[in-house]
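These notes are about the structure you will find just below.
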Amino acid sequence: MILIKNGRVVDAKSNTDEVLDVVIDGGKIKTIGKVEDDGSYEQVIEADGCVVAPGLIDVHVHFRDPGLTYKEDIQTGSAAAKKGGYTTVVTMANTKPPVDNVETVKYIIEEGKKTGINVLPAACVSVGMKGQELTDMDALKAAGAVGFTDDGIPLMNEKLVYEAMKKAKELNVPLSFHEEDPAFISENGINAGTVAKELGITGSPALAEDSLVARDCMIALHTGASVNIQHISSATSVKAVKLAKELGANVTAEVTPHHFTLDETAVLEHGAMAKMNPPLRTAKDREGIIEGIKDGSIDMIATDHAPHSAEEKAVLPVWKAPSGIIGLETALGLAVTELVKKGHLTTMQLVEKMCVNPAKLYHFDKGYLTEGGDADIVIFNENEEWTVTDDEIASKSHNTPFIGTKLFGRVKYTICGGKIVYKD
C-alpha cells in the first residue's frame, strides 16, 4: 500500500479541494481522508504543498507508431506522457499504415500495455485517410478503437461526414475533426496575417478553420453525434462552438497550450518550432480562446503532441518544414502558468479541463478521485518554478518553442493503476 500524506486533493467531479491523505491499495484508491501512518505502508509520499489530482487525460497525441518511429514510438511517447502527469492518452490515426484496420488497432493496444499507462487508439474515419469511403467502424470499435478521426487531414466530403456522424451516434463514440479547408490555404502552418506578409507568403487564414467548424457544428446538431473540434485556434470558431452548444449540438472543443500561450509573432522568434496546423493566430484570437476556456465554450486542454525530427524542422524556408510541436511534458506547466497563475481558471477548473471533460468525451471511467476508483493520480507543485531544458526532454523528438521557458507547476509523481510510473 502507498500513503500520500497531506496533499491538497483537488477533484472536480466531487468538488473536493482540501488537504487530505490518500491510501492506494492494489491499483485502487482505498481511502481519502485523514490517515495515521502506522508504519505498515510500503511507501509514504509526503505531498505537503502539492496538488493531488486525477491523472491527466490527453485526447490528442501522435506517437508515430507504427511506421514513423524515428520521430516517436509508443514507449518514448508514453515516457513523455508520464513525465507530464498523464495516465491516459488517445493516439491519433495518421500512422503508417494509418489506423484504418483491426490489426493496427490491436498493435497499438498491445504496445500500450507495456508502457504502464493507458494508451488507447482512435481509428480513421475514412479508409486510408483519403476522405472517400468510411472505415468499418463496427469492427474497429470492437477491436478497441475508442473513437474516430482523420486528424491531420480535413474531411471535405460532406456526405461522408454526415454518414460518419450517423454511424458514430449509433456506436456511441466520438468523432474528432481537424478543421482546415485547403481551398483557402496558400502555405499551411503560419497564419495569414502580418507575420506571413513579413515572410513574403500568404499563409493560412482563420476562414479555413471557421468554415469547416460551422459546417460540422450544424451537421452535428442535426445528427446528434458527439463531435469534438480539435486544436481550436480562431476566436470566431470559439463563438461558433458556443452557438452550437446553445442550439443543443453535442459538440465539444479542445485547445492546445501553445494556442492559449503564443500568437503568430512566435514564428519570427522560433521559426519552424512555432509552426503548426492550425497555426498560431493573432493576439485577438488568443484572447478569444482564453475567454472560451473561461466561459466553457472550450471543454478540454489537449496537447496535439506532434514529434518531428530536428532535420525535418530545419528545412528552409520555414513554411516548408512540417507542422507541429511536442507538448506532453509542458502542458500542465503552461496551463498553470498561463491560466491558473493569471487568474483565468482555478485549479479545480483546470482539473475539469484536463481530467473530467476528456474522460467524459470518451466515456472513460476515469478523471476523478474516489474510494474504490482507479488509482490514476498526478501529484504536482503548482508553486514550484522550473525551466524547460533540452536535455531533460523524455520525448524522442525535441521540437518545441518552449526550451528555456520558466513555468510554474512541476510534476512530482505520476501514479497509474496504483504504480508509480514517474518520480521527479
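The way I read the labels, and the way they are meant: chains A, B, ... in the order of the C-alpha cells, residue 1 as the first residue of every chain, and ligand 1 as the first ligand shown, with later ones counted on from there.
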
DSSP on the backbone: which residues in segment 156-339 of chain A end up as strand (DSSP E or B)? Give the answer as a JSON list (two decimals) with N, CA, C and O atoms, in the first residue's frame.
```json
[["chain", "number", "residue", "atom", "x", "y", "z"],
["A", 175, "LEU", "N", -16.42, 11.55, -32.63],
["A", 175, "LEU", "CA", -15.63, 11.87, -33.80],
["A", 175, "LEU", "C", -14.83, 13.12, -33.49],
["A", 175, "LEU", "O", -15.35, 14.07, -32.91],
["A", 176, "SER", "N", -13.56, 13.16, -33.89],
["A", 176, "SER", "CA", -12.73, 14.34, -33.69],
["A", 176, "SER", "C", -12.26, 14.84, -35.05],
["A", 176, "SER", "O", -11.73, 14.08, -35.86],
["A", 177, "PHE", "N", -12.47, 16.15, -35.28],
["A", 177, "PHE", "CA", -12.25, 16.70, -36.60],
["A", 177, "PHE", "C", -11.14, 17.76, -36.63],
["A", 177, "PHE", "O", -11.11, 18.66, -35.80],
["A", 191, "ASN", "N", -0.14, 31.69, -39.85],
["A", 191, "ASN", "CA", -1.37, 32.47, -40.01],
["A", 191, "ASN", "C", -1.25, 33.48, -41.15],
["A", 191, "ASN", "O", -0.20, 34.11, -41.33],
["A", 204, "SER", "N", -2.18, 30.80, -43.92],
["A", 204, "SER", "CA", -3.44, 30.07, -43.68],
["A", 204, "SER", "C", -4.39, 30.96, -42.88],
["A", 204, "SER", "O", -4.15, 31.25, -41.71],
["A", 227, "VAL", "N", -19.29, 15.25, -31.41],
["A", 227, "VAL", "CA", -18.26, 15.77, -32.30],
["A", 227, "VAL", "C", -17.33, 16.68, -31.52],
["A", 227, "VAL", "O", -17.77, 17.61, -30.85],
["A", 228, "ASN", "N", -16.03, 16.40, -31.63],
["A", 228, "ASN", "CA", -15.01, 17.20, -30.96],
["A", 228, "ASN", "C", -14.23, 18.00, -31.99],
["A", 228, "ASN", "O", -13.67, 17.44, -32.92],
["A", 229, "ILE", "N", -14.22, 19.32, -31.80],
["A", 229, "ILE", "CA", -13.43, 20.20, -32.66],
["A", 229, "ILE", "C", -12.01, 20.22, -32.11],
["A", 229, "ILE", "O", -11.77, 20.66, -30.98],
["A", 251, "VAL", "N", -21.48, 19.05, -29.17],
["A", 251, "VAL", "CA", -20.18, 19.46, -29.68],
["A", 251, "VAL", "C", -19.28, 19.86, -28.53],
["A", 251, "VAL", "O", -19.71, 20.55, -27.60],
["A", 252, "THR", "N", -18.03, 19.43, -28.60],
["A", 252, "THR", "CA", -17.01, 19.87, -27.65],
["A", 252, "THR", "C", -15.85, 20.47, -28.43],
["A", 252, "THR", "O", -15.75, 20.31, -29.64],
["A", 253, "ALA", "N", -14.98, 21.16, -27.71],
["A", 253, "ALA", "CA", -13.79, 21.72, -28.35],
["A", 253, "ALA", "C", -12.59, 21.55, -27.44],
["A", 253, "ALA", "O", -12.71, 21.62, -26.21],
["A", 254, "GLU", "N", -11.45, 21.32, -28.07],
["A", 254, "GLU", "CA", -10.19, 21.22, -27.33],
["A", 254, "GLU", "C", -9.28, 22.36, -27.76],
["A", 254, "GLU", "O", -9.39, 22.88, -28.89],
["A", 255, "VAL", "N", -8.37, 22.75, -26.87],
["A", 255, "VAL", "CA", -7.37, 23.77, -27.20],
["A", 255, "VAL", "C", -6.02, 23.29, -26.72],
["A", 255, "VAL", "O", -5.92, 22.59, -25.71],
["A", 300, "MET", "N", -11.77, 21.23, -23.19],
["A", 300, "MET", "CA", -10.60, 20.43, -22.84],
["A", 300, "MET", "C", -9.31, 21.10, -23.26],
["A", 300, "MET", "O", -9.26, 21.83, -24.26],
["A", 301, "ILE", "N", -8.26, 20.80, -22.52],
["A", 301, "ILE", "CA", -6.90, 21.12, -22.92],
["A", 301, "ILE", "C", -6.26, 19.83, -23.42],
["A", 301, "ILE", "O", -6.24, 18.83, -22.70],
["A", 305, "HIS", "N", 0.37, 16.56, -29.20],
["A", 305, "HIS", "CA", 1.79, 16.18, -29.15],
["A", 305, "HIS", "C", 2.21, 15.63, -30.51],
["A", 305, "HIS", "O", 1.75, 14.57, -30.93]]
```

Close residues, Lys366 of chain A itself excluded, 9 Å, only C-alpha atoms, min 5 positions apart in chain, as a ChimeraX atom specification: /A:54-55,57,88,355-356,359-360,373-374,376

Selection near Pro154 of chain A, 8 Å with only C-alpha atoms, sequence-local residues under 6 positions removed, as a list in words: Phe177, His178, Glu179, Glu180 and Asp181 of chain A

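Summary of the local environment: counting only C-alpha atoms, residues at most 10 Å from Pro182 of chain A, other than itself and those fewer than 3 positions away along its chain, are A:Ile153, A:Pro154, A:Met156, A:Glu179, A:Ile185, A:Ser186, A:Glu187, A:Asn188, A:Ser204, A:Ala208, A:Glu209.
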
Those same residues - N, CA and C atoms - I'd like them written as an mmCIF file, in the first residue's frame.
```
data_model
loop_
_atom_site.group_PDB
_atom_site.id
_atom_site.type_symbol
_atom_site.label_atom_id
_atom_site.label_comp_id
_atom_site.auth_asym_id
_atom_site.auth_seq_id
_atom_site.Cartn_x
_atom_site.Cartn_y
_atom_site.Cartn_z
ATOM 1 N N ILE A 153 -5.766 15.591 -41.571
ATOM 2 C CA ILE A 153 -6.395 15.798 -42.882
ATOM 3 C C ILE A 153 -7.871 16.127 -42.662
ATOM 4 N N PRO A 154 -8.342 17.258 -43.169
ATOM 5 C CA PRO A 154 -9.767 17.590 -43.031
ATOM 6 C C PRO A 154 -10.626 16.722 -43.934
ATOM 7 N N MET A 156 -13.422 16.640 -46.441
ATOM 8 C CA MET A 156 -14.051 17.626 -47.313
ATOM 9 C C MET A 156 -15.343 17.137 -47.956
ATOM 10 N N GLU A 179 -10.083 20.817 -38.595
ATOM 11 C CA GLU A 179 -10.886 21.740 -39.393
ATOM 12 C C GLU A 179 -10.028 22.788 -40.107
ATOM 13 N N ILE A 185 -6.026 27.907 -48.194
ATOM 14 C CA ILE A 185 -4.668 27.933 -47.628
ATOM 15 C C ILE A 185 -3.617 27.958 -48.735
ATOM 16 N N SER A 186 -2.732 28.941 -48.669
ATOM 17 C CA SER A 186 -1.601 29.002 -49.603
ATOM 18 C C SER A 186 -0.401 28.240 -49.054
ATOM 19 N N GLU A 187 0.012 28.588 -47.819
ATOM 20 C CA GLU A 187 1.085 27.878 -47.113
ATOM 21 C C GLU A 187 0.563 27.561 -45.725
ATOM 22 N N ASN A 188 0.559 26.287 -45.353
ATOM 23 C CA ASN A 188 -0.033 25.938 -44.064
ATOM 24 C C ASN A 188 0.945 26.185 -42.919
ATOM 25 N N SER A 204 -2.183 30.800 -43.922
ATOM 26 C CA SER A 204 -3.439 30.074 -43.675
ATOM 27 C C SER A 204 -4.394 30.962 -42.879
ATOM 28 N N ALA A 208 -10.261 29.307 -43.142
ATOM 29 C CA ALA A 208 -10.107 27.880 -43.429
ATOM 30 C C ALA A 208 -10.655 27.043 -42.281
ATOM 31 N N GLU A 209 -10.449 27.504 -41.065
ATOM 32 C CA GLU A 209 -10.968 26.806 -39.891
ATOM 33 C C GLU A 209 -12.439 27.131 -39.651
#
```

Can you check which parts of segment 301-362 of chain A lie within 10 Å of segment 282-292 of chain A? Per residue, the shortest pair of atoms and distance in Å to one decimal, counting only C-alpha atoms, sorted by chain and number, as CSV.
```
residue,atom,partner,partner_atom,distance
A:Glu338,CA,A:Ile290,CA,9.5
A:Leu339,CA,A:Ile290,CA,8.1
A:His344,CA,A:Ile290,CA,7.5
A:Leu345,CA,A:Ile290,CA,9.6
```

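Neighbouring residues of Val90 of chain A at 10 Å or closer, counting only C-alpha atoms and skipping chain neighbours under 2 positions away, are Ile57, Asp58, Val59, His60, Val61, His62, Phe63, Thr88, Met92, Ala93, Asn118, Val119, Leu120, Pro121, Ala122, Ala145, Val146, Gly147, Pro358 and Tyr362 of chain A.
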
Any chance you can output those residues with N, CA and C atoms as a PDB file, in the first residue's frame?
```pdb
ATOM      1  N   ILE A  57      -5.558  13.357 -18.614  1.00  0.00           N
ATOM      2  CA  ILE A  57      -6.021  12.603 -19.775  1.00  0.00           C
ATOM      3  C   ILE A  57      -5.862  13.481 -21.007  1.00  0.00           C
ATOM      4  N   ASP A  58      -5.136  12.996 -21.998  1.00  0.00           N
ATOM      5  CA  ASP A  58      -4.914  13.747 -23.236  1.00  0.00           C
ATOM      6  C   ASP A  58      -5.651  13.052 -24.372  1.00  0.00           C
ATOM      7  N   VAL A  59      -6.584  13.762 -24.985  1.00  0.00           N
ATOM      8  CA  VAL A  59      -7.393  13.161 -26.048  1.00  0.00           C
ATOM      9  C   VAL A  59      -6.758  13.315 -27.427  1.00  0.00           C
ATOM     10  N   HIS A  60      -5.490  13.786 -27.471  1.00  0.00           N
ATOM     11  CA  HIS A  60      -4.924  14.094 -28.793  1.00  0.00           C
ATOM     12  C   HIS A  60      -3.403  14.019 -28.771  1.00  0.00           C
ATOM     13  N   VAL A  61      -2.863  12.827 -29.034  1.00  0.00           N
ATOM     14  CA  VAL A  61      -1.408  12.669 -29.123  1.00  0.00           C
ATOM     15  C   VAL A  61      -1.043  11.906 -30.392  1.00  0.00           C
ATOM     16  N   HIS A  62       0.152  12.214 -30.899  1.00  0.00           N
ATOM     17  CA  HIS A  62       0.730  11.486 -32.030  1.00  0.00           C
ATOM     18  C   HIS A  62       1.967  10.757 -31.532  1.00  0.00           C
ATOM     19  N   PHE A  63       1.911   9.432 -31.497  1.00  0.00           N
ATOM     20  CA  PHE A  63       3.059   8.635 -31.074  1.00  0.00           C
ATOM     21  C   PHE A  63       3.803   8.028 -32.270  1.00  0.00           C
ATOM     22  N   THR A  88      -3.546   8.622 -19.061  1.00  0.00           N
ATOM     23  CA  THR A  88      -4.341   8.110 -20.176  1.00  0.00           C
ATOM     24  C   THR A  88      -4.144   9.023 -21.378  1.00  0.00           C
ATOM     25  N   MET A  92      -3.620   9.376 -32.137  1.00  0.00           N
ATOM     26  CA  MET A  92      -4.235   9.704 -33.420  1.00  0.00           C
ATOM     27  C   MET A  92      -3.907   8.643 -34.469  1.00  0.00           C
ATOM     28  N   ALA A  93      -4.667   8.684 -35.552  1.00  0.00           N
ATOM     29  CA  ALA A  93      -4.683   7.563 -36.501  1.00  0.00           C
ATOM     30  C   ALA A  93      -3.786   7.755 -37.714  1.00  0.00           C
ATOM     31  N   ASN A 118      -2.321   4.137 -19.736  1.00  0.00           N
ATOM     32  CA  ASN A 118      -3.399   3.725 -20.625  1.00  0.00           C
ATOM     33  C   ASN A 118      -3.215   4.399 -21.987  1.00  0.00           C
ATOM     34  N   VAL A 119      -2.827   3.618 -22.984  1.00  0.00           N
ATOM     35  CA  VAL A 119      -2.640   4.112 -24.343  1.00  0.00           C
ATOM     36  C   VAL A 119      -3.752   3.528 -25.199  1.00  0.00           C
ATOM     37  N   LEU A 120      -4.636   4.387 -25.688  1.00  0.00           N
ATOM     38  CA  LEU A 120      -5.847   3.932 -26.356  1.00  0.00           C
ATOM     39  C   LEU A 120      -5.954   4.570 -27.734  1.00  0.00           C
ATOM     40  N   PRO A 121      -6.183   3.766 -28.773  1.00  0.00           N
ATOM     41  CA  PRO A 121      -6.154   4.302 -30.135  1.00  0.00           C
ATOM     42  C   PRO A 121      -7.494   4.836 -30.620  1.00  0.00           C
ATOM     43  N   ALA A 122      -7.439   5.960 -31.308  1.00  0.00           N
ATOM     44  CA  ALA A 122      -8.539   6.365 -32.180  1.00  0.00           C
ATOM     45  C   ALA A 122      -8.237   5.792 -33.558  1.00  0.00           C
ATOM     46  N   ALA A 145     -10.836   0.420 -30.702  1.00  0.00           N
ATOM     47  CA  ALA A 145     -10.769   1.853 -31.010  1.00  0.00           C
ATOM     48  C   ALA A 145     -11.780   2.601 -30.153  1.00  0.00           C
ATOM     49  N   VAL A 146     -11.345   3.705 -29.550  1.00  0.00           N
ATOM     50  CA  VAL A 146     -12.233   4.440 -28.633  1.00  0.00           C
ATOM     51  C   VAL A 146     -12.957   5.591 -29.315  1.00  0.00           C
ATOM     52  N   GLY A 147     -12.559   5.915 -30.538  1.00  0.00           N
ATOM     53  CA  GLY A 147     -13.192   6.983 -31.289  1.00  0.00           C
ATOM     54  C   GLY A 147     -12.613   7.000 -32.682  1.00  0.00           C
ATOM     55  N   PRO A 358     -12.147  15.389 -20.626  1.00  0.00           N
ATOM     56  CA  PRO A 358     -11.604  14.394 -21.556  1.00  0.00           C
ATOM     57  C   PRO A 358     -12.159  12.988 -21.312  1.00  0.00           C
ATOM     58  N   TYR A 362     -14.837  10.464 -23.993  1.00  0.00           N
ATOM     59  CA  TYR A 362     -14.597   9.087 -24.417  1.00  0.00           C
ATOM     60  C   TYR A 362     -15.263   8.040 -23.528  1.00  0.00           C
TER      61      TYR A 362
END
```

List as a VMD selection string the protein and nucleic acid residues near Ala266 of chain A, meaning an atom at most 12 Å away when only C-alpha atoms are counted, but skip any in the same chain fewer than 5 places from it. chain A and resid 190 to 191 195 to 196 258 to 259 261 271 to 276 279 to 283 400 to 402

Which residues are close to Leu20 of chain A, i.e. within 6 Å by only C-alpha atoms, leaving aside same-chain residues fewer than 5 positions away? Reply as a tab-separated table (two decimals) with N, CA and C atoms, in the first residue's frame.
```
chain	number	residue	atom	x	y	z
A	6	ASN	N	-0.91	14.51	3.36
A	6	ASN	CA	-1.03	15.98	3.46
A	6	ASN	C	-1.01	16.70	2.11
A	7	GLY	N	-1.57	16.06	1.09
A	7	GLY	CA	-1.67	16.73	-0.20
A	7	GLY	C	-2.98	17.49	-0.32
A	33	GLY	N	-9.01	10.73	3.08
A	33	GLY	CA	-9.39	11.30	4.37
A	33	GLY	C	-8.17	11.57	5.20
A	34	LYS	N	-8.33	11.55	6.51
A	34	LYS	CA	-7.19	11.72	7.42
A	34	LYS	C	-6.75	10.34	7.89
```

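For the choices A:Pro174, A:Gly112, A:Gly367, A:Gly372, the atom-to-atom distance to Ala53 of chain A is smallest for A:Gly367 when using only C-alpha atoms.
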
Tell me, which residues of segment 292-375 of chain A carry DSSP alpha helix (DSSP H), written as number ranges by chain? A: 292-295, 310-313, 331-335, 347-351, 357-361

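Atom CA of Gly327 of chain A to atom CA of Glu264 of chain A spans 17.8 Å [interatomic distance, one decimal].
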
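Nearest-residue note for Asn94 of chain A: choosing from A:Thr405, A:Ser211, A:Ser126, A:Ser14, the minimum distance belongs to A:Ser126, counting only C-alpha atoms.
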
Report the distance between atom CA of Asp304 of chain A and atom CA of Glu246 of chain A in Å, rounded to one decimal place. 26.8 Å

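Proximity ranking of A:Ala123, A:Gly296, A:Lys130, A:Thr16 relative to Glu103 of chain A places A:Ala123 first, based on only C-alpha atoms.
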
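Shortest atom-to-atom contact with Val23 of chain A among A:Glu158, A:Met1, A:Asp38, A:Gly128: A:Met1, counting only C-alpha atoms.
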
Pick from A:Val213, A:Leu56, A:Asp73, A:Asp65 nearest to Lys239 of chain A, counting only C-alpha atoms: A:Val213
